[in-house]
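Undergrad: Pasting a structure below so you can have a look.
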Amino acid sequence: MSEEKTYMQLEGQILEVLKSIFDPEIPVNIYDLGLIYEIDVDDYNNVDIKMTLTAPNCPVADSLPMEVKERVKAIKEVNNVNVEMVFDPPWSAAMMSDEAKLVLGYL
């Protein structure tokens, strides 16, 4: 199997996991909600994720990043996971996917 295909499969698995994690206060997954800013996978299958929250004082500020880390780390091919919380740019409803906007009544 080519390295490119393996990378694409791993990235797909990571996205699948992220789309299965929901903000407990909003019925939309964190990926479609626009909370995931960046996903980087290196040559050794170490994953760096930059994410944000809908608000810096969000009640899940401690638990949500930990859940992301644990769930992505559970993917067999993944070695290490680093989740970095960033608040620049600040999250806004404009970052949501059209699907999320539809569910939440923005469209």
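Please note that chains go A, B, ... in the order of the structure tokens, that every chain numbers its residues from 1, and that ligands are numbered from 1 in the order shown.
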Excluding range 80-82 of chain A and residues on its chain fewer than 5 positions from it, collect all residues at most 7 Å away from it, counting only C-alpha atoms, and give them as a ChimeraX atom specification.

TA: /A:46-49,69,73

Undergrad: Pick out each residue of range 6-99 of chain A that DSSP on the backbone tags as strand (DSSP E); I need them as a list in words.

TA: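 So, restricting range 6-99 of chain A to strand (DSSP E), we get Ile36, Tyr37, Glu38, Ile39, Asp40, Val41, Val47, Asp48, Ile49, Lys50, Met51, Val81, Asn82, Val83, Glu84 and Met85 of chain A.
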
Undergrad: Would you write out those residues with N, CA and C atoms, as a short mmCIF file (atom, residue, chain, number, x, y, z; two decimals), in the first residue's frame?

TA:
data_model
loop_
_atom_site.label_atom_id
_atom_site.label_comp_id
_atom_site.auth_asym_id
_atom_site.auth_seq_id
_atom_site.Cartn_x
_atom_site.Cartn_y
_atom_site.Cartn_z
N ILE A 36 -12.41 22.28 15.16
CA ILE A 36 -11.12 21.72 14.77
C ILE A 36 -10.50 22.65 13.73
N TYR A 37 -9.40 23.29 14.08
CA TYR A 37 -8.75 24.25 13.18
C TYR A 37 -7.72 23.57 12.28
N GLU A 38 -7.04 22.56 12.81
CA GLU A 38 -5.94 21.96 12.04
C GLU A 38 -5.67 20.54 12.52
N ILE A 39 -5.36 19.65 11.56
CA ILE A 39 -4.95 18.28 11.87
C ILE A 39 -3.69 18.02 11.08
N ASP A 40 -2.61 17.68 11.77
CA ASP A 40 -1.35 17.34 11.11
C ASP A 40 -0.93 15.94 11.54
N VAL A 41 -0.57 15.13 10.55
CA VAL A 41 -0.06 13.79 10.82
C VAL A 41 1.34 13.73 10.24
N VAL A 47 0.03 12.69 15.71
CA VAL A 47 -1.03 13.59 15.29
C VAL A 47 -1.03 14.84 16.16
N ASP A 48 -1.03 16.00 15.51
CA ASP A 48 -1.17 17.28 16.19
C ASP A 48 -2.51 17.88 15.76
N ILE A 49 -3.31 18.24 16.73
CA ILE A 49 -4.62 18.82 16.46
C ILE A 49 -4.69 20.17 17.14
N LYS A 50 -5.08 21.19 16.38
CA LYS A 50 -5.36 22.50 16.95
C LYS A 50 -6.87 22.65 16.96
N MET A 51 -7.37 22.94 18.14
CA MET A 51 -8.82 23.09 18.26
C MET A 51 -9.16 24.26 19.16
N VAL A 81 -0.60 11.69 20.25
CA VAL A 81 -1.54 12.75 19.91
C VAL A 81 -1.27 13.95 20.80
N ASN A 82 -1.18 15.11 20.18
CA ASN A 82 -1.05 16.36 20.90
C ASN A 82 -2.23 17.24 20.51
N VAL A 83 -2.99 17.67 21.49
CA VAL A 83 -4.12 18.57 21.24
C VAL A 83 -3.77 19.93 21.82
N GLU A 84 -3.74 20.92 20.96
CA GLU A 84 -3.42 22.29 21.38
C GLU A 84 -4.68 23.14 21.31
N MET A 85 -5.01 23.78 22.42
CA MET A 85 -6.15 24.69 22.46
C MET A 85 -5.70 26.06 21.98
#

Undergrad: Which is closer to Leu18 in chain A than all the others in A:Glu70, A:Asp42, A:Val60, A:Asp88, using only C-alpha atoms?

TA: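 Ranking A:Glu70, A:Asp42, A:Val60, A:Asp88 by distance to Leu18 in chain A, first place goes to A:Glu70.
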
Undergrad: Rank A:Asn45, A:Thr54, A:Asn29, A:Asn79 by their smallest atom-to-atom distance to Ser97 in chain A, using only C-alpha atoms, and report the top residue only.

TA: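 Of A:Asn45, A:Thr54, A:Asn29, A:Asn79, the one nearest Ser97 in chain A is A:Asn29, counting only C-alpha atoms.
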
Undergrad: Can you work out which one of A:Tyr7, A:Gly12, A:Thr52, A:Ile21 has the shortest atom-to-atom distance to Val68 in chain A, counting only C-alpha atoms?

TA: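 Comparing A:Tyr7, A:Gly12, A:Thr52, A:Ile21 against Val68 in chain A, the winner is A:Ile21.
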
Undergrad: Please provide the set of residues having any atom within 10 Å of Glu16 in chain A, restricted to only C-alpha atoms, with same-chain residues fewer than 5 positions apart removed, written as an MDAnalysis selection string.

TA: chainID A and resid 10:11 21 31 72

Undergrad: Applying 9 Å and only C-alpha atoms, which residues near Pro27 in chain A remain after dropping the ones on its own chain fewer than 2 positions away? List them as JSON, numbers by chain.

TA: {"A": [22, 23, 24, 25, 29, 100, 103, 104]}

Undergrad: I need the residues from that last selection saved to file as a short mmCIF file (atom, residue, chain, number, x, y, z; two decimals), in the first residue's frame (with N, CA and C atoms), if you can.

TA:
data_model
loop_
_atom_site.label_atom_id
_atom_site.label_comp_id
_atom_site.auth_asym_id
_atom_site.auth_seq_id
_atom_site.Cartn_x
_atom_site.Cartn_y
_atom_site.Cartn_z
N PHE A 22 -19.25 15.00 20.29
CA PHE A 22 -20.20 16.10 20.29
C PHE A 22 -19.97 17.03 21.48
N ASP A 23 -20.18 18.32 21.23
CA ASP A 23 -20.23 19.28 22.32
C ASP A 23 -21.50 18.93 23.09
N PRO A 24 -21.42 18.71 24.40
CA PRO A 24 -22.60 18.27 25.15
C PRO A 24 -23.76 19.27 25.15
N GLU A 25 -23.48 20.53 24.85
CA GLU A 25 -24.55 21.53 24.87
C GLU A 25 -25.14 21.80 23.49
N ASN A 29 -21.53 17.63 15.92
CA ASN A 29 -20.18 17.15 16.25
C ASN A 29 -19.17 18.29 16.17
N ALA A 100 -24.15 21.80 9.89
CA ALA A 100 -24.32 22.27 11.27
C ALA A 100 -25.22 23.49 11.32
N VAL A 103 -28.80 22.33 10.99
CA VAL A 103 -29.30 21.70 12.21
C VAL A 103 -29.62 22.75 13.28
N LEU A 104 -28.78 23.77 13.36
CA LEU A 104 -28.95 24.77 14.41
C LEU A 104 -29.81 25.97 14.00
#

Undergrad: Find the residue from A:Leu33, A:Ile26, A:Leu15, A:Ala55 that sits nearest to Val86 in chain A; use only C-alpha atoms when measuring.

TA: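 Looking at the shortest contact to Val86 in chain A, the residue is A:Ala55.
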
Undergrad: Given the choices A:Ala74, A:Ala93, A:Leu107, A:Cys58, which gets closest to Asp32 in chain A if the distance is worked out from only C-alpha atoms?

TA: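 Distance minimum relative to Asp32 in chain A lands on A:Ala93.
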
Undergrad: May I ask for the distance between CA of Glu67 in chain A and CA of Met96 in chain A, given in Å to one decimal place?

TA: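 Interatomic distance here is 20.3 Å.
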
Undergrad: Which residues in range 11-81 of chain A does DSSP call helix (DSSP H, G or I)? List them as a ChimeraX atom specification.

TA: /A:11-18,63-73

Undergrad: Could you jot down the CA of Ile14 in chain A to CA of Glu99 in chain A separation for me, Å, one decimal place?

TA: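 Result for CA of Ile14 in chain A versus CA of Glu99 in chain A: 19.3 Å, one decimal.
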
Undergrad: Counting only C-alpha atoms, figure out which residue out of A:Leu102, A:Ile75, A:Leu35, A:Leu64 gets nearest to Pro89 in chain A.

TA: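 Closest to Pro89 in chain A, using only C-alpha atoms: A:Leu35.
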